[in-house]
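What follows is the content of work.cif (mmCIF, C-alpha atoms and all ligand atoms).
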data_coords
#
loop_
_atom_site.label_atom_id
_atom_site.label_comp_id
_atom_site.auth_asym_id
_atom_site.auth_seq_id
_atom_site.Cartn_x
_atom_site.Cartn_y
_atom_site.Cartn_z
CA MET A 1 0.83 -25.34 38.14
CA ALA A 2 -2.25 -23.19 38.61
CA PRO A 3 -5.36 -24.61 36.90
CA TYR A 4 -7.80 -22.71 34.67
CA VAL A 5 -10.75 -21.60 36.79
CA PRO A 6 -14.04 -21.96 34.88
CA GLY A 7 -17.13 -19.94 35.80
CA GLU A 8 -19.34 -21.71 38.34
CA GLN A 9 -22.00 -24.10 37.02
CA PRO A 10 -25.30 -24.49 38.89
CA LEU A 11 -26.34 -27.95 40.03
CA PRO A 12 -28.91 -29.75 37.85
CA GLY A 13 -32.37 -28.35 38.67
CA GLU A 14 -30.98 -25.33 40.54
CA LYS A 15 -32.92 -22.22 39.51
CA VAL A 16 -30.54 -19.40 38.64
CA VAL A 17 -30.31 -16.63 36.08
CA LYS A 18 -27.01 -17.66 34.55
CA LEU A 19 -25.11 -14.68 33.14
CA ASN A 20 -21.57 -15.77 34.03
CA THR A 21 -20.09 -17.91 31.23
CA ASN A 22 -21.23 -16.19 28.03
CA GLU A 23 -23.41 -18.96 26.66
CA ASN A 24 -25.93 -17.92 24.01
CA PRO A 25 -29.27 -17.50 25.83
CA PHE A 26 -31.25 -18.95 22.90
CA PRO A 27 -31.54 -22.66 22.06
CA PRO A 28 -29.59 -24.14 19.13
CA SER A 29 -31.14 -24.44 15.67
CA PRO A 30 -33.89 -27.10 15.53
CA ARG A 31 -31.93 -28.61 12.63
CA VAL A 32 -29.15 -29.52 15.06
CA LEU A 33 -31.47 -31.64 17.19
CA GLU A 34 -33.00 -33.17 14.10
CA ALA A 35 -29.54 -34.11 12.77
CA ILE A 36 -28.64 -35.71 16.11
CA ARG A 37 -31.92 -37.69 16.14
CA ASN A 38 -31.18 -38.99 12.65
CA ILE A 39 -27.85 -40.56 13.65
CA ASP A 40 -27.96 -44.34 13.27
CA GLY A 41 -26.12 -47.06 15.13
CA GLU A 42 -23.77 -47.65 12.25
CA GLN A 43 -22.41 -44.11 12.54
CA LEU A 44 -21.59 -44.78 16.19
CA ARG A 45 -20.20 -48.28 15.62
CA ARG A 46 -17.53 -46.92 13.29
CA TYR A 47 -14.76 -44.44 14.00
CA PRO A 48 -15.64 -40.92 12.87
CA SER A 49 -14.01 -39.08 9.98
CA PRO A 50 -10.49 -38.26 11.32
CA LYS A 51 -10.57 -34.67 10.07
CA ALA A 52 -14.37 -34.19 10.22
CA ASP A 53 -14.60 -33.98 6.42
CA ALA A 54 -18.32 -33.16 6.21
CA PHE A 55 -17.79 -30.27 8.58
CA ARG A 56 -14.69 -29.03 6.77
CA ASP A 57 -16.56 -28.91 3.47
CA THR A 58 -19.42 -26.93 4.98
CA ALA A 59 -17.07 -24.53 6.80
CA ALA A 60 -15.03 -24.05 3.62
CA SER A 61 -18.12 -23.04 1.66
CA VAL A 62 -19.52 -20.78 4.42
CA HIS A 63 -16.20 -18.93 4.73
CA GLY A 64 -15.08 -19.02 1.10
CA VAL A 65 -11.82 -20.88 1.78
CA SER A 66 -10.56 -24.34 0.79
CA ALA A 67 -11.28 -27.35 3.02
CA ASP A 68 -7.56 -27.82 3.73
CA MET A 69 -7.68 -24.46 5.56
CA ILE A 70 -10.05 -25.85 8.22
CA LEU A 71 -8.99 -27.75 11.36
CA ALA A 72 -11.87 -29.12 13.48
CA GLY A 73 -11.54 -29.63 17.23
CA ASN A 74 -13.32 -30.69 20.39
CA GLY A 75 -14.14 -27.10 21.34
CA SER A 76 -11.95 -24.16 20.46
CA ASP A 77 -10.08 -24.78 23.71
CA GLU A 78 -8.74 -27.93 22.04
CA ILE A 79 -7.78 -25.91 18.96
CA LEU A 80 -5.81 -23.56 21.23
CA ALA A 81 -4.11 -26.53 22.90
CA ILE A 82 -3.24 -28.07 19.51
CA ALA A 83 -1.82 -24.75 18.29
CA MET A 84 0.23 -24.45 21.46
CA ARG A 85 1.65 -27.97 21.13
CA THR A 86 2.34 -27.49 17.41
CA PHE A 87 4.02 -24.09 17.44
CA LEU A 88 5.47 -23.64 20.94
CA GLY A 89 7.78 -25.80 22.99
CA PRO A 90 9.79 -25.78 26.22
CA GLY A 91 11.75 -22.57 26.71
CA GLU A 92 10.03 -20.77 23.83
CA THR A 93 7.88 -17.69 24.37
CA LEU A 94 4.20 -16.94 23.94
CA ALA A 95 3.18 -13.27 24.12
CA TYR A 96 -0.29 -11.86 24.63
CA PRO A 97 -1.91 -8.59 25.64
CA ASP A 98 -3.19 -8.61 29.22
CA PRO A 99 -5.92 -9.13 30.28
CA THR A 100 -7.22 -11.61 27.73
CA TYR A 101 -8.54 -15.21 27.88
CA SER A 102 -7.13 -16.72 31.08
CA LEU A 103 -6.66 -20.18 29.53
CA TYR A 104 -3.58 -19.09 27.49
CA PRO A 105 -1.09 -19.11 30.41
CA VAL A 106 -2.41 -22.48 31.59
CA LEU A 107 -1.86 -24.06 28.17
CA ALA A 108 1.57 -22.43 27.94
CA GLU A 109 2.62 -23.75 31.31
CA SER A 110 1.59 -27.28 30.35
CA CYS A 111 3.99 -27.03 27.37
CA GLU A 112 6.75 -25.48 29.55
CA THR A 113 6.44 -22.41 27.36
CA ARG A 114 7.36 -18.99 28.77
CA VAL A 115 4.74 -16.29 28.81
CA VAL A 116 5.37 -12.57 28.28
CA THR A 117 2.37 -10.31 28.80
CA VAL A 118 1.99 -6.76 27.55
CA PRO A 119 -0.69 -4.41 28.90
CA TRP A 120 -3.32 -3.18 26.43
CA GLU A 121 -2.82 0.44 25.38
CA THR A 122 -5.38 3.09 26.33
CA ASP A 123 -8.91 2.21 25.21
CA TRP A 124 -7.97 -1.41 24.60
CA THR A 125 -5.75 -0.65 21.61
CA LEU A 126 -3.58 -3.62 20.56
CA PRO A 127 0.00 -2.88 21.78
CA VAL A 128 1.63 -3.85 18.47
CA ASP A 129 5.13 -2.48 19.08
CA ALA A 130 5.38 -3.89 22.59
CA LEU A 131 4.21 -7.31 21.39
CA LEU A 132 6.80 -7.24 18.59
CA GLY A 133 9.44 -6.35 21.17
CA THR A 134 8.90 -9.57 23.14
CA SER A 135 10.77 -11.77 20.63
CA ALA A 136 8.02 -14.34 21.10
CA ARG A 137 7.46 -17.27 18.77
CA ALA A 138 3.70 -16.81 18.80
CA ILE A 139 1.19 -14.14 19.80
CA PHE A 140 -2.33 -15.11 20.91
CA PHE A 141 -5.24 -12.82 21.67
CA ALA A 142 -9.02 -12.89 21.73
CA ASN A 143 -10.73 -10.57 19.22
CA PRO A 144 -13.23 -9.39 20.30
CA ASN A 145 -11.37 -9.61 23.59
CA ALA A 146 -12.53 -11.22 26.80
CA PRO A 147 -13.19 -9.91 29.36
CA SER A 148 -13.25 -6.38 27.83
CA GLY A 149 -15.61 -7.09 24.92
CA THR A 150 -13.60 -4.77 22.68
CA LEU A 151 -12.64 -5.37 19.03
CA VAL A 152 -9.23 -4.62 17.51
CA PRO A 153 -9.65 -3.35 13.92
CA ARG A 154 -8.55 -5.80 11.26
CA SER A 155 -6.02 -3.30 9.88
CA ARG A 156 -4.17 -3.26 13.21
CA VAL A 157 -4.08 -7.06 13.40
CA ARG A 158 -2.69 -7.00 9.85
CA ASP A 159 0.06 -4.54 10.86
CA LEU A 160 1.07 -6.90 13.65
CA ALA A 161 1.04 -10.02 11.47
CA LEU A 162 3.01 -8.34 8.65
CA ALA A 163 5.76 -7.26 11.05
CA PHE A 164 5.93 -10.59 12.95
CA ASP A 165 7.49 -13.79 11.68
CA GLY A 166 5.80 -16.16 14.13
CA LEU A 167 2.20 -17.28 14.45
CA VAL A 168 -0.53 -14.73 15.20
CA LEU A 169 -3.54 -16.61 16.58
CA VAL A 170 -6.74 -14.57 16.62
CA ASP A 171 -9.26 -16.23 18.94
CA GLU A 172 -12.62 -15.22 17.45
CA ALA A 173 -14.83 -16.95 20.03
CA TYR A 174 -17.17 -13.89 20.13
CA VAL A 175 -16.85 -12.68 16.56
CA ASP A 176 -20.41 -13.65 15.61
CA PHE A 177 -21.65 -10.73 17.72
CA ALA A 178 -19.13 -8.27 16.22
CA ASP A 179 -19.07 -5.93 13.22
CA ASP A 180 -15.93 -7.40 11.63
CA ASN A 181 -13.61 -10.43 11.61
CA CYS A 182 -10.11 -11.43 10.45
CA ILE A 183 -10.82 -14.19 7.93
CA ASP A 184 -9.53 -12.03 5.08
CA LEU A 185 -6.15 -11.95 6.81
CA VAL A 186 -5.98 -15.74 6.79
CA ARG A 187 -6.44 -15.70 3.02
CA GLU A 188 -3.70 -13.11 2.63
CA LEU A 189 -1.05 -14.03 5.21
CA PRO A 190 0.69 -17.36 5.93
CA ASN A 191 1.15 -16.73 9.66
CA VAL A 192 -2.38 -15.88 10.82
CA ALA A 193 -4.77 -18.45 12.30
CA VAL A 194 -8.32 -17.61 13.32
CA CYS A 195 -10.20 -19.85 15.73
CA ARG A 196 -13.94 -20.14 16.14
CA THR A 197 -16.31 -21.93 18.51
CA PHE A 198 -19.88 -23.24 18.51
CA SER A 199 -20.19 -22.50 22.23
CA LYS A 200 -21.25 -18.86 21.92
CA GLY A 201 -22.67 -17.92 18.51
CA TYR A 202 -24.29 -21.31 17.85
CA SER A 203 -25.70 -22.09 21.32
CA LEU A 204 -23.74 -25.37 21.59
CA ALA A 205 -21.40 -25.02 24.58
CA GLY A 206 -22.47 -28.47 25.76
CA LEU A 207 -21.55 -30.10 22.45
CA ARG A 208 -17.83 -29.20 22.37
CA PHE A 209 -16.90 -28.13 18.85
CA GLY A 210 -14.57 -25.48 17.51
CA TYR A 211 -12.31 -24.95 14.51
CA ALA A 212 -9.35 -23.05 13.15
CA ILE A 213 -9.08 -21.35 9.77
CA ALA A 214 -5.50 -20.93 8.58
CA ALA A 215 -3.20 -21.38 5.58
CA PRO A 216 -3.04 -25.04 4.43
CA ALA A 217 0.58 -25.35 5.64
CA LEU A 218 -0.37 -24.34 9.20
CA VAL A 219 -3.36 -26.69 9.24
CA ALA A 220 -1.18 -29.53 7.96
CA GLU A 221 1.23 -29.09 10.89
CA MET A 222 -1.60 -28.97 13.43
CA ASN A 223 -3.11 -32.13 11.91
CA LYS A 224 0.09 -33.99 12.81
CA VAL A 225 -0.26 -33.04 16.46
CA LYS A 226 -3.99 -33.56 17.09
CA ASP A 227 -5.47 -36.84 18.33
CA SER A 228 -6.51 -39.12 15.46
CA TYR A 229 -10.25 -38.90 16.18
CA ASN A 230 -10.53 -35.65 18.11
CA CYS A 231 -14.15 -34.94 17.10
CA ASP A 232 -16.88 -37.50 17.70
CA ALA A 233 -19.46 -38.51 15.11
CA ILE A 234 -22.36 -36.81 16.93
CA ALA A 235 -20.53 -33.51 17.32
CA ILE A 236 -19.49 -33.51 13.65
CA VAL A 237 -23.07 -34.01 12.47
CA ALA A 238 -24.47 -31.44 14.89
CA ALA A 239 -21.86 -28.74 14.22
CA THR A 240 -22.26 -29.19 10.47
CA ALA A 241 -26.04 -28.71 10.77
CA ALA A 242 -25.56 -25.65 12.98
CA LEU A 243 -23.11 -23.98 10.60
CA ALA A 244 -25.30 -24.73 7.60
CA ASP A 245 -28.24 -22.95 9.27
CA GLN A 246 -26.75 -19.45 9.11
CA ASP A 247 -30.19 -17.80 9.03
CA TYR A 248 -31.14 -19.24 12.41
CA ALA A 249 -27.80 -18.34 14.01
CA ARG A 250 -27.92 -14.80 12.64
CA GLY A 251 -31.35 -14.37 14.22
CA THR A 252 -29.91 -15.14 17.67
CA TRP A 253 -26.95 -12.81 17.04
CA SER A 254 -29.15 -9.84 16.21
CA ALA A 255 -31.44 -10.52 19.19
CA VAL A 256 -28.37 -10.60 21.47
CA ARG A 257 -27.05 -7.37 19.94
CA ALA A 258 -30.37 -5.61 20.49
CA GLU A 259 -30.45 -6.74 24.14
CA ARG A 260 -26.78 -5.77 24.53
CA LYS A 261 -27.69 -2.23 23.54
CA ARG A 262 -30.67 -2.07 25.91
CA LEU A 263 -28.74 -3.58 28.84
CA SER A 264 -25.89 -1.19 28.29
CA VAL A 265 -28.20 1.86 28.34
CA GLU A 266 -30.00 0.61 31.46
CA LEU A 267 -26.77 -0.19 33.33
CA THR A 268 -25.34 3.22 32.47
CA ARG A 269 -28.51 4.81 33.86
CA ARG A 270 -27.89 2.91 37.13
CA GLY A 271 -24.39 4.35 37.52
CA PHE A 272 -22.31 1.55 35.97
CA ALA A 273 -19.54 2.52 33.52
CA VAL A 274 -20.03 0.21 30.53
CA ILE A 275 -17.28 -0.55 27.99
CA ALA A 276 -18.66 -0.60 24.42
CA SER A 277 -18.96 -4.29 23.61
CA GLN A 278 -18.74 -6.26 20.35
CA THR A 279 -19.59 -9.53 22.15
CA ASN A 280 -22.45 -11.17 24.03
CA PHE A 281 -21.27 -9.77 27.38
CA LEU A 282 -20.56 -6.43 29.01
CA LEU A 283 -17.61 -5.48 31.22
CA VAL A 284 -18.91 -2.87 33.64
CA SER A 285 -17.31 -0.86 36.45
CA CYS A 286 -19.54 -0.84 39.51
CA PRO A 287 -20.57 2.39 41.25
CA GLY A 288 -18.08 3.08 44.04
CA GLY A 289 -15.91 0.21 42.77
CA LYS A 290 -17.93 -2.24 44.85
CA ALA A 291 -17.87 -5.17 42.44
CA ALA A 292 -17.21 -7.99 44.92
CA GLU A 293 -20.14 -6.84 47.07
CA GLN A 294 -22.41 -6.49 44.03
CA TYR A 295 -21.43 -9.96 42.79
CA GLN A 296 -22.36 -11.49 46.17
CA ALA A 297 -25.61 -9.53 46.40
CA LEU A 298 -26.69 -10.75 42.95
CA LYS A 299 -25.69 -14.31 43.80
CA ARG A 300 -27.91 -14.24 46.89
CA LYS A 301 -30.78 -13.28 44.57
CA GLY A 302 -30.06 -16.22 42.27
CA ILE A 303 -28.26 -14.22 39.56
CA LEU A 304 -24.79 -15.38 38.53
CA VAL A 305 -22.35 -12.96 36.88
CA ARG A 306 -18.54 -13.19 36.67
CA TYR A 307 -16.16 -11.45 39.04
CA PHE A 308 -12.38 -11.53 38.53
CA ASP A 309 -10.36 -10.68 41.62
CA LYS A 310 -7.42 -9.48 39.52
CA PRO A 311 -5.52 -6.20 39.06
CA GLY A 312 -7.52 -3.89 36.78
CA LEU A 313 -10.67 -6.03 37.06
CA ALA A 314 -11.46 -6.02 40.79
CA ASP A 315 -13.90 -3.08 40.45
CA LYS A 316 -15.70 -4.68 37.49
CA LEU A 317 -18.24 -7.38 36.67
CA ARG A 318 -18.55 -9.30 33.44
CA ILE A 319 -22.21 -9.81 32.62
CA THR A 320 -23.43 -12.11 29.85
CA VAL A 321 -26.26 -10.65 27.76
CA GLY A 322 -29.28 -12.89 28.40
CA THR A 323 -32.81 -13.02 27.07
CA ALA A 324 -35.01 -9.96 27.68
CA GLU A 325 -36.49 -11.75 30.73
CA GLN A 326 -33.08 -12.62 32.20
CA ASN A 327 -31.81 -9.09 31.65
CA ASP A 328 -34.93 -7.68 33.32
CA ALA A 329 -34.30 -9.96 36.30
CA LEU A 330 -30.74 -8.62 36.54
CA LEU A 331 -31.82 -4.99 36.23
CA GLY A 332 -34.58 -5.53 38.80
CA ALA A 333 -32.04 -6.92 41.27
CA LEU A 334 -29.68 -3.95 41.03
CA PRO A 335 -29.98 -0.85 43.20
CA GLY A 336 -31.25 2.36 41.59
C1 LIG A 401 -15.53 -19.44 25.32
C2 LIG A 401 -14.17 -19.13 24.80
C3 LIG A 401 -13.39 -20.11 24.17
C4 LIG A 401 -13.71 -21.55 24.31
O1 LIG A 401 -14.58 -22.06 23.47
P1 LIG A 401 -14.92 -23.62 23.53
O2 LIG A 401 -15.20 -23.90 22.10
O3 LIG A 401 -16.11 -23.74 24.41
O4 LIG A 401 -13.74 -24.39 24.03
C5 LIG A 401 -12.18 -19.74 23.59
N1 LIG A 401 -11.74 -18.47 23.67
C6 LIG A 401 -12.43 -17.52 24.30
C7 LIG A 401 -11.89 -16.14 24.35
C8 LIG A 401 -13.66 -17.83 24.89
O5 LIG A 401 -14.32 -16.90 25.57
#

Would you write out, as structure tokens, the structure that this file holds?
Ligand SMILES: *Cc1c(COP(=O)(O)O)cnc(C)c1O
Amino acid sequence: MAPYVPGEQPLPGEKVVKLNTNENPFPPSPRVLEAIRNIDGEQLRRYPSPKADAFRDTAASVHGVSADMILAGNGSDEILAIAMRTFLGPGETLAYPDPTYSLYPVLAESCETRVVTVPWETDWTLPVDALLGTSARAIFFANPNAPSGTLVPRSRVRDLALAFDGLVLVDEAYVDFADDNCIDLVRELPNVAVCRTFSKGYSLAGLRFGYAIAAPALVAEMNKVKDSYNCDAIAIVAATAALADQDYARGTWSAVRAERKRLSVELTRRGFAVIASQTNFLLVSCPGGKAAEQYQALKRKGILVRYFDKPGLADKLRITVGTAEQNDALLGALPG
């Protein structure tokens, strides 16, 4: 099978402006580091809480749901893998709009699950009827989507979920930078699961923590499938501290949104066509379609962005919104 291809990671000590894997450019909340420092040996000697109870309680209160609607995982990639193993099996079908997160087909293949893809409609509108026509057992998509950065309105996700009798998994990895989210749908509908990560909005990609929010019955099934101790004691403490410090996280989200706006204006001025983004990255078409060349030219100058050599994306670059300094370095390295 073909593996997932992650964005390149610089070697330790290598000096690059890293705008290729959508990490938050700001450090995590100081309370996270403090919580990690306060861990004692006893917490490491023992097994951690199997379902990350402290985290579930905090997430339940932040989102206004019950704790049995929260499933914690070792990154939201693990949540996606657990959902796949719980709800899809050999010979069954997963459907998703294309392009979206390129991990979905890899997870499906590892479960011998068939994949049916449906192209997005014009302007990245969710192709509800075509998805319903696939007779899939589950539909996954990222919202906001990657790599487009676009957000499907909650009402359209609701239309899909109401008409579908399988699982609709809404991967909200970038939702912290967006104007809306689908948590209300989880409260209303038994077949919607939302998944979240600490890698983007909470500046903790190195920690590995993510979670799902779904009806208690869905969470109960996923709990049967997950490893007994899938989240370690350090990650549980750190993620709980990060989620509890909403004020700090919100500060980074609004700084990223302000830079997103500036970067988008400046890139447009330089001849790039920028898709309106609800995330911490921009998908841009390069002048003259020369994305591969532009990617290489930036790389030579020590600036990493993401290039996908795929149909529909080969003329585009995906650029993570960095700090003001990083974005200035990018803009300074571009022609015009
Ligand atoms: C980054 C990302 C994830 C993975 O998050 P982790 O918690 O780091 O595993 C999931 N879905 C999408 C769409 C992402 O971009």

My list of candidates is A:Ala215, A:Leu132, A:Val225, A:Met1. Which is closest to A:Leu88 when distances are computed with only C-alpha atoms?
A:Val225

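Counting all atoms listed in the file, the residue from A:Pro28, A:Gly75, A:Pro335, A:Gly322 that sits nearest to A:Leu243 is A:Pro28.
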
Which residues are near A:Asp328? Cut-off 12 Å, all atoms listed in the file, ignore same chain within fewer than 5 positions. Put them as a PyMOL selection string.
chain A and resi 17+259+262-263+266-267+303+321-323+333-334

Using only C-alpha atoms, which protein or nucleic acid residues come within 10 Å of A:Glu92? Drop anything in the same chain fewer than 3 positions from it, and give the result as JSON, numbers by chain.
{"A": [87, 88, 89, 108, 111, 112, 113, 114, 115, 135, 136, 137, 138]}

Give me, as a Markdown table, the closest atom pair and its distance (Å, one decimal) for every residue of chain A within a cut-off of 6 Å of ligand LIG 401 (chain A), counting all atoms listed in the file, rows sorted by chain and rising number.
| residue | atom | partner | partner_atom | distance |
| --- | --- | --- | --- | --- |
| A:Gly75 | CA | A:LIG401 | O2 | 3.5 |
| A:Ser76 | CA | A:LIG401 | O2 | 3.6 |
| A:Asp77 | CA | A:LIG401 | O4 | 3.7 |
| A:Tyr101 | CA | A:LIG401 | C7 | 5.0 |
| A:Ala142 | CA | A:LIG401 | C7 | 5.1 |
| A:Ala146 | CA | A:LIG401 | C7 | 5.5 |
| A:Asp171 | CA | A:LIG401 | N1 | 5.8 |
| A:Ala173 | CA | A:LIG401 | C6 | 4.9 |
| A:Thr197 | CA | A:LIG401 | O2 | 4.2 |
| A:Phe198 | CA | A:LIG401 | O2 | 5.9 |
| A:Ser199 | CA | A:LIG401 | O3 | 4.8 |
| A:Ala205 | CA | A:LIG401 | O3 | 5.4 |
| A:Arg208 | CA | A:LIG401 | O2 | 5.9 |
| A:Phe209 | CA | A:LIG401 | O2 | 5.6 |
| A:Gly210 | CA | A:LIG401 | O2 | 4.9 |

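Atom pair atom CA of A:Ile39 / atom CA of A:Ala212: separated by 25.5 Å.
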
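Shown here are all protein and nucleic acid residues lying within 12 Å of (-26.0, -25.2, 36.8), with only C-alpha atoms considered: Gly7, Glu8, Gln9, Pro10, Leu11, Pro12, Gly13, Glu14, Lys15, Val16, Val17, Lys18, Leu19, Asn20, Thr21, Gly302, Ile303 and Leu304 of chain A.
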
Have a look at atom CA of A:Ala72 and atom CA of A:Cys231 and let me know their distance in Å, one decimal.
7.2 Å

Protein and nucleic acid residues near (-5.9, -36.8, 17.9) (cut-off 12 Å, only C-alpha atoms) as a list in words
Pro48, Ser49, Pro50, Lys51, Ala52, Leu71, Ala72, Gly73, Asn74, Glu78, Ile79, Ala81, Ile82, Met222, Asn223, Lys224, Val225, Lys226, Asp227, Ser228, Tyr229, Asn230, Cys231 and Asp232 of chain A

Interatomic distance between atom CA of A:Ala249 and atom CA of A:Pro27?
9.9 Å

Give me the residues within 9 Å of A:Phe177 as a list in words, counting all atoms listed in the file and dropping any in the same chain fewer than 5 places off.
Pro144, Gly201, Trp253, Ser254, Val256, Arg257, Gln278, Thr279 and Asn280 of chain A

Limited to C-alpha atoms, could you put the picked residues into a file as a tab-separated table (two decimals), in the frame of the given file?
chain	number	residue	atom	x	y	z
A	144	PRO	CA	-13.23	-9.39	20.30
A	201	GLY	CA	-22.67	-17.92	18.51
A	253	TRP	CA	-26.95	-12.81	17.04
A	254	SER	CA	-29.15	-9.84	16.21
A	256	VAL	CA	-28.37	-10.60	21.47
A	257	ARG	CA	-27.05	-7.37	19.94
A	278	GLN	CA	-18.74	-6.26	20.35
A	279	THR	CA	-19.59	-9.53	22.15
A	280	ASN	CA	-22.45	-11.17	24.03
